[in-house]
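Student: The file below is model.cif, mmCIF, C-alpha atoms:
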data_query
#
loop_
_atom_site.label_atom_id
_atom_site.label_comp_id
_atom_site.auth_asym_id
_atom_site.auth_seq_id
_atom_site.Cartn_x
_atom_site.Cartn_y
_atom_site.Cartn_z
CA MET A 212 0.00 0.00 0.00
CA ASN A 213 1.26 3.47 -0.84
CA LEU A 214 0.92 6.55 1.34
CA LEU A 215 -2.37 7.71 -0.15
CA GLU A 216 -3.91 4.28 0.32
CA ILE A 217 -2.74 4.19 3.95
CA LEU A 218 -4.20 7.66 4.55
CA ASN A 219 -7.56 6.64 3.11
CA PHE A 220 -7.57 3.36 5.03
CA SER A 221 -6.78 5.15 8.31
CA LYS A 222 -9.47 7.78 7.75
CA GLU A 223 -12.10 5.12 7.01
CA TYR A 224 -10.99 3.05 10.01
CA LEU A 225 -11.39 5.97 12.42
CA GLN A 226 -14.63 7.01 10.73
CA LYS A 227 -16.13 3.62 11.64
CA TYR A 228 -15.41 4.44 15.27
CA SER A 229 -17.20 7.80 14.98
CA PHE A 230 -14.16 10.10 15.21
CA SER A 231 -15.30 13.63 14.42
CA LYS A 232 -12.19 14.47 12.37
CA PRO A 233 -10.93 11.10 11.09
CA ARG A 234 -8.80 12.52 8.27
CA LEU A 235 -7.04 15.02 10.52
CA GLU A 236 -6.35 12.33 13.15
CA SER A 237 -5.00 9.90 10.54
CA GLU A 238 -2.78 12.64 9.06
CA LYS A 239 -1.33 13.47 12.49
CA LEU A 240 -0.58 9.82 13.18
CA ILE A 241 1.00 9.07 9.81
CA ALA A 242 3.02 12.31 9.70
CA THR A 243 4.46 11.49 13.13
CA VAL A 244 5.38 7.93 12.19
CA LEU A 245 7.02 9.09 8.93
CA LYS A 246 8.59 12.12 10.65
CA LEU A 247 7.09 14.49 8.08
CA ASP A 248 5.20 17.75 8.32
CA ARG A 249 1.50 16.98 8.01
CA ILE A 250 1.14 19.54 5.24
CA THR A 251 3.65 17.70 3.02
CA LEU A 252 2.02 14.26 3.21
CA TYR A 253 0.08 14.51 -0.04
CA ALA A 254 3.15 15.58 -1.98
CA TYR A 255 4.36 12.01 -1.55
CA PHE A 256 1.06 10.22 -2.18
CA ASP A 257 2.66 7.34 -4.13
CA MET A 258 5.41 6.67 -1.58
CA GLU A 259 5.63 3.02 -0.53
CA LEU A 260 5.80 2.55 3.23
CA THR A 261 7.98 -0.05 4.92
CA THR A 262 6.40 -2.97 6.77
CA GLU A 263 7.60 -1.46 10.05
CA GLN A 264 5.92 1.86 9.30
CA LYS A 265 2.65 0.21 8.33
CA ASP A 266 2.65 -1.97 11.43
CA THR A 267 3.26 1.05 13.67
CA ILE A 268 0.39 2.97 12.08
CA LYS A 269 -1.98 0.02 12.52
CA LYS A 270 -0.94 -0.39 16.15
CA TYR A 271 -1.76 3.22 17.03
CA LEU A 272 -5.00 3.18 15.04
CA ARG A 273 -6.20 0.24 17.15
CA GLU A 274 -5.23 1.99 20.39
CA MET A 275 -7.00 5.19 19.31
CA ALA A 276 -10.13 3.22 18.43
CA ARG A 277 -10.17 1.21 21.66
CA GLY A 278 -9.72 4.32 23.84
CA ARG A 279 -11.85 6.60 21.63
CA ILE A 280 -9.09 9.21 21.94
CA GLY A 281 -7.29 11.39 19.41
CA PHE A 282 -3.67 10.91 18.49
CA ASP A 283 -2.39 13.89 20.51
CA GLU A 284 -4.14 12.60 23.63
CA LEU A 285 -2.81 9.10 23.06
CA MET A 286 0.77 10.38 22.80
CA LYS A 287 0.34 12.50 25.92
CA SER A 288 -0.88 9.48 27.90
CA LYS A 289 2.18 7.52 26.81
CA GLY A 290 4.61 10.34 27.41
CA ASP A 291 5.91 9.78 23.86
CA MET A 292 7.86 6.81 25.23
CA GLU A 293 6.85 4.18 22.70
CA LEU A 294 7.23 6.24 19.52
CA ASP A 295 10.63 7.71 18.80
CA MET A 296 9.79 11.34 18.12
CA LYS A 297 13.36 12.38 17.42
CA SER A 298 14.26 13.38 13.87
CA TYR A 299 17.56 11.96 12.63
CA LYS A 300 17.47 14.06 9.47
CA GLU A 301 20.53 16.18 10.19
CA GLU A 302 22.61 13.20 11.32
CA ASN A 303 21.63 11.07 8.33
CA TYR A 304 22.14 13.85 5.80
CA GLU A 305 25.66 14.26 7.16
CA LEU A 306 26.23 10.53 6.76
CA LEU A 307 25.00 10.67 3.16
CA LYS A 308 27.20 13.72 2.46
CA LYS A 309 30.31 11.95 3.78
CA SER A 310 29.42 8.86 1.74
CA ILE A 311 29.26 10.93 -1.45
CA GLU A 312 32.60 12.54 -0.62
CA TYR A 313 34.13 9.09 -0.04
CA LEU A 314 33.05 7.89 -3.49
CA GLU A 315 34.28 11.12 -5.07
CA ARG A 316 37.74 10.57 -3.56
CA TYR A 317 37.91 7.33 -5.52
CA GLN A 318 36.69 9.14 -8.66
CA VAL A 319 33.49 7.12 -8.91
CA PRO A 320 31.30 8.60 -11.67
CA ASN A 321 27.90 9.84 -10.45
CA ALA A 322 28.99 9.54 -6.81
CA ARG A 323 25.83 11.15 -5.42
CA LEU A 324 23.55 8.88 -7.43
CA ASP A 325 25.45 5.75 -6.40
CA ALA A 326 25.46 6.75 -2.72
CA GLU A 327 21.72 7.34 -2.83
CA TYR A 328 21.13 3.94 -4.45
CA ILE A 329 23.24 2.27 -1.74
CA PHE A 330 21.35 4.02 1.09
CA ALA A 331 17.98 3.22 -0.50
CA HIS A 332 18.95 -0.43 -1.00
CA ILE A 333 20.01 -0.93 2.61
CA LEU A 334 17.03 1.00 4.01
CA LYS A 335 14.66 -0.92 1.71
CA VAL A 336 13.09 2.17 0.17
CA SER A 337 13.06 3.59 -3.35
CA ARG A 338 15.72 6.15 -4.23
CA VAL A 339 12.94 8.64 -5.04
CA THR A 340 11.64 8.52 -1.46
CA LEU A 341 15.05 8.25 0.23
CA THR A 342 15.05 11.80 1.58
CA LEU A 343 11.77 11.14 3.38
CA ASN A 344 13.22 8.11 5.09
CA LEU A 345 16.33 9.94 6.26
CA ASN A 346 14.26 11.35 9.12
CA LYS A 347 14.28 8.04 10.96
CA LYS A 348 17.11 6.33 12.79
CA ILE A 349 19.55 4.21 10.80
CA GLU A 350 20.50 1.25 12.95
CA ASP A 351 24.17 0.37 13.47
CA GLU A 352 23.79 -2.86 11.50
CA ASP A 353 22.52 -0.93 8.48
CA LYS A 354 25.29 1.66 8.85
CA ASN A 355 27.85 -1.15 8.72
CA ARG A 356 26.24 -2.59 5.59
CA ILE A 357 26.25 0.87 3.96
CA ARG A 358 29.93 1.21 4.85
CA GLU A 359 30.76 -2.19 3.32
CA MET A 360 28.98 -1.33 0.07
CA LEU A 361 30.69 2.06 -0.12
CA VAL A 362 34.11 0.40 0.18
CA ALA A 363 33.19 -2.12 -2.51
CA ARG A 364 31.94 0.64 -4.82
CA GLY A 365 34.75 3.13 -4.10
CA LYS A 366 37.99 1.41 -3.20
CA GLU A 367 37.26 -1.83 -5.07
CA ARG A 368 35.27 -0.18 -7.90
CA LYS A 369 32.69 -2.95 -8.01
CA PRO A 370 29.77 -1.89 -10.25
CA LEU A 371 26.76 -0.54 -8.42
CA GLN A 372 24.47 -2.93 -10.31
CA TYR A 373 26.35 -5.99 -9.01
CA LEU A 374 26.26 -4.58 -5.48
CA LEU A 375 22.51 -4.13 -5.67
CA GLY A 376 22.07 -7.49 -7.39
CA GLU A 377 19.34 -6.12 -9.64
CA TRP A 378 18.93 -3.47 -12.32
CA GLU A 379 16.09 -2.16 -14.42
CA PHE A 380 16.00 -2.57 -18.19
CA TYR A 381 13.12 -1.47 -20.41
CA GLY A 382 11.00 -0.99 -17.29
CA TYR A 383 11.53 -4.57 -16.04
CA PRO A 384 13.70 -5.77 -13.13
CA PHE A 385 16.68 -8.02 -13.87
CA LYS A 386 18.97 -9.87 -11.52
CA VAL A 387 22.61 -9.25 -12.40
CA ASP A 388 25.89 -10.64 -11.12
CA GLU A 389 29.38 -11.22 -12.48
CA ARG A 390 28.19 -14.01 -14.77
CA VAL A 391 26.40 -11.54 -17.05
CA LEU A 392 26.84 -8.09 -18.56
CA ILE A 393 24.99 -5.24 -16.92
CA PRO A 394 22.09 -4.20 -19.20
CA ARG A 395 22.70 -0.76 -20.73
CA ALA A 396 20.14 1.90 -21.62
CA ASP A 397 21.37 2.06 -25.22
CA THR A 398 20.35 -1.58 -25.72
CA GLU A 399 16.74 -0.54 -25.08
CA ILE A 400 16.90 1.09 -28.53
CA LEU A 401 17.57 -2.36 -30.03
CA VAL A 402 14.53 -3.79 -28.22
CA GLU A 403 12.35 -0.90 -29.39
CA GLN A 404 13.38 -1.37 -33.02
CA CYS A 405 12.76 -5.12 -32.85
CA LYS A 406 9.24 -4.52 -31.53
CA TYR A 407 8.44 -2.39 -34.57
CA LEU A 408 9.74 -5.03 -36.95
CA VAL A 409 7.46 -7.87 -35.86
CA ASN A 410 4.60 -6.39 -33.82
CA GLU A 411 2.08 -6.87 -36.64
CA LEU A 412 2.84 -10.58 -37.02
CA PRO A 413 0.31 -12.84 -35.23
CA THR A 414 2.90 -15.14 -33.60
CA PRO A 415 6.43 -13.96 -34.39
CA LYS A 416 9.40 -16.23 -33.67
CA ILE A 417 12.47 -14.41 -32.37
CA MET A 418 15.99 -15.62 -31.65
CA ASP A 419 18.34 -13.70 -29.34
CA ILE A 420 22.00 -14.70 -29.77
CA GLY A 421 24.24 -14.13 -26.74
CA THR A 422 21.29 -13.55 -24.43
CA GLY A 423 23.34 -13.02 -21.23
CA SER A 424 20.95 -11.88 -18.47
CA GLY A 425 18.06 -12.38 -20.87
CA ALA A 426 17.32 -8.65 -20.92
CA ILE A 427 16.57 -8.45 -24.66
CA ALA A 428 14.69 -11.75 -24.91
CA ILE A 429 12.58 -11.20 -21.79
CA SER A 430 11.76 -7.56 -22.60
CA LEU A 431 10.58 -8.62 -26.06
CA GLY A 432 8.66 -11.49 -24.50
CA LYS A 433 6.82 -9.10 -22.18
CA GLU A 434 6.18 -6.51 -24.89
CA LEU A 435 5.11 -9.09 -27.48
CA PRO A 436 3.04 -11.65 -25.52
CA ASN A 437 2.09 -13.55 -28.70
CA ALA A 438 5.72 -14.06 -29.70
CA ASN A 439 7.83 -17.16 -29.13
CA ILE A 440 11.35 -16.22 -28.15
CA LEU A 441 14.49 -18.32 -27.89
CA GLY A 442 17.59 -16.97 -26.15
CA LEU A 443 20.95 -18.60 -26.88
CA ASP A 444 24.17 -18.38 -24.90
CA ILE A 445 27.32 -20.48 -24.57
CA SER A 446 27.66 -19.67 -20.85
CA GLU A 447 25.83 -21.93 -18.42
CA GLY A 448 26.18 -19.27 -15.71
CA ALA A 449 24.53 -16.66 -17.92
CA LEU A 450 21.70 -19.06 -18.75
CA GLU A 451 21.09 -19.65 -15.03
CA VAL A 452 20.73 -15.89 -14.48
CA ALA A 453 18.53 -15.53 -17.57
CA THR A 454 16.23 -18.31 -16.34
CA GLN A 455 15.87 -16.60 -12.95
CA ASN A 456 14.98 -13.37 -14.73
CA ARG A 457 12.45 -15.07 -16.96
CA ASP A 458 10.72 -16.61 -13.96
CA MET A 459 10.84 -13.37 -11.96
CA ASN A 460 9.23 -11.46 -14.84
CA GLU A 461 6.81 -14.31 -15.65
CA ALA A 462 7.85 -14.28 -19.31
CA THR A 463 6.35 -17.66 -20.12
CA ASN A 464 6.86 -17.26 -23.87
CA VAL A 465 10.66 -17.16 -23.53
CA LYS A 466 12.96 -20.19 -23.57
CA PHE A 467 16.73 -20.48 -23.25
CA LEU A 468 19.17 -22.90 -24.80
CA LYS A 469 22.91 -23.45 -24.52
CA SER A 470 24.47 -22.88 -27.93
CA ASP A 471 27.64 -21.47 -29.50
CA VAL A 472 25.86 -19.12 -31.91
CA PHE A 473 23.77 -21.45 -34.13
CA SER A 474 25.51 -24.76 -33.31
CA THR A 475 22.75 -26.39 -31.24
CA LEU A 476 20.07 -25.35 -33.74
CA ARG A 477 21.68 -27.63 -36.32
CA ASP A 478 20.43 -30.64 -34.37
CA GLU A 479 17.80 -32.66 -36.20
CA LYS A 480 14.93 -31.59 -33.90
CA TYR A 481 15.43 -27.91 -34.82
CA LYS A 482 15.87 -28.57 -38.53
CA ASN A 483 12.61 -27.00 -39.70
CA VAL A 484 12.38 -24.17 -37.16
CA LYS A 485 12.50 -20.74 -38.83
CA PHE A 486 12.55 -17.34 -37.16
CA ASN A 487 11.04 -14.03 -38.23
CA LEU A 488 13.77 -12.10 -36.45
CA ILE A 489 17.29 -12.78 -35.22
CA VAL A 490 18.65 -10.19 -32.81
CA SER A 491 22.08 -9.98 -31.20
CA ASN A 492 24.18 -7.73 -29.03
CA PRO A 493 27.39 -9.75 -29.38
CA PRO A 494 30.87 -9.21 -27.88
CA TYR A 495 32.16 -6.39 -30.07
CA ILE A 496 34.93 -4.54 -28.22
CA PRO A 497 38.32 -4.93 -30.00
CA THR A 498 41.16 -6.33 -27.87
CA GLY A 499 43.07 -3.04 -28.01
CA GLU A 500 40.12 -1.11 -26.59
CA TYR A 501 39.19 -3.78 -24.04
CA VAL A 502 42.34 -3.21 -21.97
CA GLU A 503 41.49 0.51 -21.72
CA LEU A 504 38.01 0.00 -20.25
CA MET A 505 36.89 1.46 -16.90
CA PRO A 506 37.94 -0.63 -13.89
CA GLU A 507 34.30 -1.50 -13.13
CA VAL A 508 34.03 -3.20 -16.51
CA LEU A 509 37.53 -4.61 -16.79
CA LYS A 510 37.63 -6.16 -13.31
CA TYR A 511 34.09 -7.46 -12.97
CA GLU A 512 32.07 -7.92 -16.16
CA PRO A 513 32.58 -11.22 -18.07
CA LYS A 514 35.31 -10.82 -20.67
CA ASN A 515 33.80 -13.24 -23.18
CA ALA A 516 30.62 -11.13 -23.25
CA LEU A 517 32.58 -7.96 -24.04
CA THR A 518 35.26 -8.86 -26.58
CA ASP A 519 35.70 -11.48 -29.29
CA GLY A 520 39.44 -11.48 -28.63
CA GLY A 521 40.10 -9.90 -32.02
CA ASP A 522 38.97 -6.88 -34.01
CA GLY A 523 35.38 -6.92 -32.70
CA TYR A 524 33.77 -8.13 -35.93
CA TYR A 525 33.95 -11.92 -35.55
CA PHE A 526 30.34 -12.47 -34.47
CA TYR A 527 28.87 -9.92 -36.88
CA GLU A 528 30.52 -11.70 -39.80
CA LYS A 529 29.62 -15.20 -38.59
CA ILE A 530 25.98 -14.41 -37.79
CA SER A 531 25.51 -12.48 -41.04
CA LYS A 532 26.85 -15.45 -43.04
CA GLU A 533 24.75 -18.09 -41.30
CA ALA A 534 21.53 -16.28 -40.32
CA LYS A 535 19.63 -16.93 -43.57
CA GLU A 536 19.63 -20.65 -42.79
CA PHE A 537 17.41 -19.94 -39.75
CA LEU A 538 15.26 -17.06 -41.02
CA THR A 539 11.95 -17.02 -42.85
CA LYS A 540 12.06 -15.66 -46.40
CA ASP A 541 11.19 -12.16 -45.23
CA GLY A 542 13.01 -12.41 -41.91
CA TYR A 543 14.98 -9.64 -40.17
CA LEU A 544 18.45 -9.42 -38.66
CA ALA A 545 19.15 -6.73 -36.03
CA PHE A 546 22.46 -5.95 -34.31
CA GLU A 547 23.70 -3.62 -31.63
CA VAL A 548 27.12 -2.33 -32.69
CA GLY A 549 30.08 -0.42 -31.26
CA TYR A 550 30.56 3.32 -31.74
CA ASN A 551 32.44 3.01 -35.06
CA GLN A 552 31.22 -0.33 -36.41
CA ALA A 553 27.87 0.37 -38.08
CA GLU A 554 29.05 0.78 -41.67
CA LYS A 555 31.27 -2.31 -41.69
CA VAL A 556 28.55 -4.43 -40.06
CA ALA A 557 26.09 -3.15 -42.66
CA GLU A 558 28.57 -4.20 -45.35
CA TYR A 559 28.76 -7.73 -43.90
CA MET A 560 24.97 -7.92 -43.97
CA ARG A 561 24.71 -6.72 -47.57
CA ASP A 562 27.41 -9.15 -48.69
CA ASN A 563 25.44 -12.01 -47.15
CA GLY A 564 22.03 -11.42 -48.65
CA PHE A 565 20.44 -8.69 -46.52
CA ASP A 566 19.06 -5.30 -47.47
CA VAL A 567 20.02 -2.84 -44.76
CA LEU A 568 16.84 -1.01 -43.78
CA SER A 569 18.22 1.43 -41.23
CA ILE A 570 21.07 2.44 -38.95
CA VAL A 571 19.66 3.86 -35.72
CA LYS A 572 21.49 6.24 -33.40
CA ASP A 573 21.64 5.92 -29.61
CA TYR A 574 20.87 8.65 -27.05
CA GLY A 575 24.34 10.12 -27.60
CA GLY A 576 23.92 10.40 -31.35
CA ILE A 577 26.17 7.38 -32.12
CA ASP A 578 25.17 4.76 -34.70
CA ARG A 579 24.11 1.90 -32.42
CA VAL A 580 21.65 -0.44 -34.17
CA VAL A 581 21.83 -1.91 -37.66
CA ILE A 582 18.71 -3.55 -39.11
CA GLY A 583 18.56 -5.71 -42.21
CA LYS A 584 15.91 -7.72 -44.03
CA ARG A 585 16.56 -10.93 -45.91
CA ARG A 586 16.88 -10.08 -49.58
CA GLU A 587 14.39 -11.65 -51.93
CA GLU A 588 16.02 -14.26 -54.11
CA ASN A 589 15.35 -14.28 -57.83
#
Let me see the structure of the file written as C-alpha cells.
Tutor:
Amino acid sequence: MNLLEILNFSKEYLQKYSFSKPRLESEKLIATVLKLDRITLYAYFDMELTTEQKDTIKKYLREMARGRIGFDELMKSKGDMELDMKSYKEENYELLKKSIEYLERYQVPNARLDAEYIFAHILKVSRVTLTLNLNKKIEDEDKNRIREMLVARGKERKPLQYLLGEWEFYGYPFKVDERVLIPRADTEILVEQCKYLVNELPTPKIMDIGTGSGAIAISLGKELPNANILGLDISEGALEVATQNRDMNEATNVKFLKSDVFSTLRDEKYKNVKFNLIVSNPPYIPTGEYVELMPEVLKYEPKNALTDGGDGYYFYEKISKEAKEFLTKDGYLAFEVGYNQAEKVAEYMRDNGFDVLSIVKDYGGIDRVVIGKRREEN
C-alpha cells in the first residue's frame, strides 16, 4: 500500500469508530510515524511505506479506536515513550554527504547517485523517497552494511548494479551478477526497433543470440506476448541468471538454450524451425580497446561477453553469413554495434544477402543499431 492508500484506510478506520475528524487524526498519526510535516504528506502520495511503518500505524490506530481518543491525547498518555519522536534528518544527511565525498575521492562517476542507491537499498526504500526516510534512525547494523557497500563501490570499484544485485531494463527488473553483462540503456533502442519489426505478425518467432541476463529476450517477451522467443548463450552461468529473470518477470513465452551461436540449432529436432527475427548484441569490443576499459568493466564484467578477442567483428561476420539458414524468407536481422562499427557491419549484412533497412542512433547520437531484411532471391 502506498501513502495515499494508507491515509484513506486510516481515515475510514477511524470514521467507523465515529471520530469527528478522522482525516485530521490519521494525518497526524502518519506524519508522526514518517517524521514528516503533516502539510507535506500529499506531496508524496505514491510513496511506498515499509512494513515497520505500516505496522506502527496500525498499532496506534487500534489503540486510538479502543480508547476513543485522538492521536495527541494518546501520545500524551504515553509520554511519547513508545514512539521515537526524534528526527535523525541532520545526522543522516551528514552521513550521506560523507558517503558521497568518499566515493568522489575514488573518482566514482555519479557519486551522489550511487550513494543514494546504496542508502535506498540498505534501508529498503526507493531512491525517489530516500530523503523522506532519512528522518528516521539508521541502525548500526545498516550503517555497517552501507559502509561495506561504499568500500566495494569506491575502493574496489565494483559496479553498483552488481552490489545491488538487480537493475532495471526497459522498465523490467533483472537480476545481475558477475556471470552476465549489466544491461545498458542504449540496448533498449535495439529492443524498441525489434518490436516495430514484428509487432504486426500474429505469432512472431524471435531468436536472441548471446542472451546473457536475458534482458533483450525477456523484454521482447513481455512486450510481445504472442511471440515465441528463444535466447541462446554459450555460458551456463549466464543461462542460469537468464532463467531466474524469466521466472521473476513471468515471461512464459521465452525459452533459453545453450548454444555457441547457431551450433545447437543444427540438431535434427530444430531442422525445420525458422525465425522471423534474429537479434544480437554480441561481444564487439576490440582487444586493443578492451584493456582501456573502466575498472568497473575490466575487473568485474565477463570478458567473453565484451570482446571477441580480435577486431570486434567476428560475431557480426559469422551471424551475417549463417543467419539466412534460420530465417523465414522475409526475416529480419538486427544488431547492436560499437561506436564506429555500423558501416562495416552493414557491409557484412549486404554481402550475405540482406538489405540494410536502417542504422539507428543511440541517445548520444552514435550509430548503435543496424537492421537488415533478408533479400528476396530471384
Student: Could you work out how far atom CA of Gly421 of chain A lies from atom CA of Arg395 of chain A, giving the answer in Å with one decimal?
Tutor: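 Answer for the atom CA of Arg395 of chain A to atom CA of Gly421 of chain A separation: 14.7 Å.
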Student: In terms of the shortest atom-to-atom distance over all atoms listed in the file, which of A:Gln226, A:Ile429, A:Met212, A:Ile280 is closest to Met258 of chain A?
Tutor: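 Residue with the minimum atom-to-atom distance to Met258 of chain A: A:Met212.
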Student: Tell me which residues the PyMOL selection byres ((chain A and resi 507) around 9) grabs here, as a PyMOL selection string.
Tutor: chain A and resi 364+367-371+504-506+508-512
Student: Can you pull out the residues contacting Glu302 of chain A? Cut-off 9 Å, using only C-alpha atoms, and skip same-chain residues under 6 positions away; I want them as a PDB file with C-alpha atoms, in the coordinates of the input.
Tutor:
ATOM      1  CA  LEU A 345      16.330   9.940   6.260  1.00  0.00           C
ATOM      2  CA  ASN A 346      14.260  11.350   9.120  1.00  0.00           C
ATOM      3  CA  LYS A 348      17.110   6.330  12.790  1.00  0.00           C
TER       4      LYS A 348
END
Student: Kindly indicate which residue among A:Val409, A:Ala449, A:Ile329, A:Leu476 lies nearest to Ala545 of chain A, using only C-alpha atoms for the distances.
Tutor: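 Closest candidate: A:Val409.
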Student: If you count all atoms listed in the file, which residues fall within 9 Å of Asn460 of chain A, apart from same-chain ones fewer than 2 positions away, as a list in words?
Tutor: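 Final neighbour list, sorted by chain and number: Tyr383, Pro384, Phe385, Ile429, Lys433, Gln455, Asn456, Arg457, Asp458, Ala462 and Thr463 of chain A.
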Student: Could you work out how far atom CA of Thr398 of chain A lies from atom CA of Phe380 of chain A, giving the answer in Å with one decimal?
Tutor: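 Straight-line distance from atom CA of Phe380 of chain A to atom CA of Thr398 of chain A works out to 8.8 Å.
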Student: Considering all atoms listed in the file, can you say which of A:Leu334, A:Ile417, A:Ala516, A:Leu214 comes closest to Leu544 of chain A?
Tutor: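 Nearest candidate to Leu544 of chain A out of A:Leu334, A:Ile417, A:Ala516, A:Leu214: A:Ile417.
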Student: List as a Markdown table every residue of segment 393-476 of chain A that is in contact with segment 484-492 of chain A, defined as an atom at most 12 Å from one of its atoms (using all atoms listed in the file), together with the nearest atom pair and the distance in Å rounded to one decimal, sorted by chain and then rising number.
Tutor:
| residue | atom | partner | partner_atom | distance |
| --- | --- | --- | --- | --- |
| A:Pro394 | CA | A:Asn492 | CA | 10.7 |
| A:Arg395 | CA | A:Asn492 | CA | 10.9 |
| A:Asp397 | CA | A:Asn492 | CA | 10.9 |
| A:Thr398 | CA | A:Asn492 | CA | 8.0 |
| A:Glu399 | CA | A:Asn492 | CA | 11.1 |
| A:Ile400 | CA | A:Asn492 | CA | 11.4 |
| A:Leu401 | CA | A:Val490 | CA | 8.4 |
| A:Val402 | CA | A:Val490 | CA | 8.9 |
| A:Glu403 | CA | A:Val490 | CA | 11.7 |
| A:Gln404 | CA | A:Val490 | CA | 10.3 |
| A:Cys405 | CA | A:Val490 | CA | 7.8 |
| A:Lys406 | CA | A:Leu488 | CA | 10.1 |
| A:Tyr407 | CA | A:Leu488 | CA | 11.2 |
| A:Leu408 | CA | A:Leu488 | CA | 8.2 |
| A:Val409 | CA | A:Asn487 | CA | 7.5 |
| A:Asn410 | CA | A:Asn487 | CA | 10.9 |
| A:Glu411 | CA | A:Asn487 | CA | 11.6 |
| A:Leu412 | CA | A:Asn487 | CA | 9.0 |
| A:Pro413 | CA | A:Asn487 | CA | 11.2 |
| A:Thr414 | CA | A:Asn487 | CA | 9.4 |
| A:Pro415 | CA | A:Asn487 | CA | 6.0 |
| A:Lys416 | CA | A:Phe486 | CA | 4.8 |
| A:Ile417 | CA | A:Leu488 | CA | 4.9 |
| A:Met418 | CA | A:Ile489 | CA | 4.7 |
| A:Asp419 | CA | A:Val490 | CA | 4.9 |
| A:Ile420 | CA | A:Ser491 | CA | 4.9 |
| A:Gly421 | CA | A:Ser491 | CA | 6.5 |
| A:Thr422 | CA | A:Ser491 | CA | 7.7 |
| A:Gly423 | CA | A:Asn492 | CA | 9.5 |
| A:Ser424 | CA | A:Asn492 | CA | 11.8 |
| A:Gly425 | CA | A:Asn492 | CA | 11.2 |
| A:Ala426 | CA | A:Asn492 | CA | 10.7 |
| A:Ile427 | CA | A:Val490 | CA | 8.6 |
| A:Ala428 | CA | A:Val490 | CA | 9.0 |
| A:Leu431 | CA | A:Val490 | CA | 10.6 |
| A:Ala438 | CA | A:Asn487 | CA | 10.1 |
| A:Asn439 | CA | A:Phe486 | CA | 9.3 |
| A:Ile440 | CA | A:Phe486 | CA | 9.2 |
| A:Leu441 | CA | A:Phe486 | CA | 9.5 |
| A:Gly442 | CA | A:Val490 | CA | 9.6 |
| A:Leu443 | CA | A:Ser491 | CA | 9.7 |
| A:Asp444 | CA | A:Ser491 | CA | 10.7 |
| A:Val472 | CA | A:Ser491 | CA | 9.9 |
| A:Phe473 | CA | A:Ile489 | CA | 10.9 |
| A:Leu476 | CA | A:Val484 | CA | 8.5 |
Student: Taking the block above, write segment 465-485 of chain A with C-alpha atoms as a CSV table (one decimal), in the first residue's frame.
Tutor:
chain,number,residue,atom,x,y,z
A,465,VAL,CA,10.7,-17.2,-23.5
A,466,LYS,CA,13.0,-20.2,-23.6
A,467,PHE,CA,16.7,-20.5,-23.3
A,468,LEU,CA,19.2,-22.9,-24.8
A,469,LYS,CA,22.9,-23.5,-24.5
A,470,SER,CA,24.5,-22.9,-27.9
A,471,ASP,CA,27.6,-21.5,-29.5
A,472,VAL,CA,25.9,-19.1,-31.9
A,473,PHE,CA,23.8,-21.5,-34.1
A,474,SER,CA,25.5,-24.8,-33.3
A,475,THR,CA,22.7,-26.4,-31.2
A,476,LEU,CA,20.1,-25.4,-33.7
A,477,ARG,CA,21.7,-27.6,-36.3
A,478,ASP,CA,20.4,-30.6,-34.4
A,479,GLU,CA,17.8,-32.7,-36.2
A,480,LYS,CA,14.9,-31.6,-33.9
A,481,TYR,CA,15.4,-27.9,-34.8
A,482,LYS,CA,15.9,-28.6,-38.5
A,483,ASN,CA,12.6,-27.0,-39.7
A,484,VAL,CA,12.4,-24.2,-37.2
A,485,LYS,CA,12.5,-20.7,-38.8
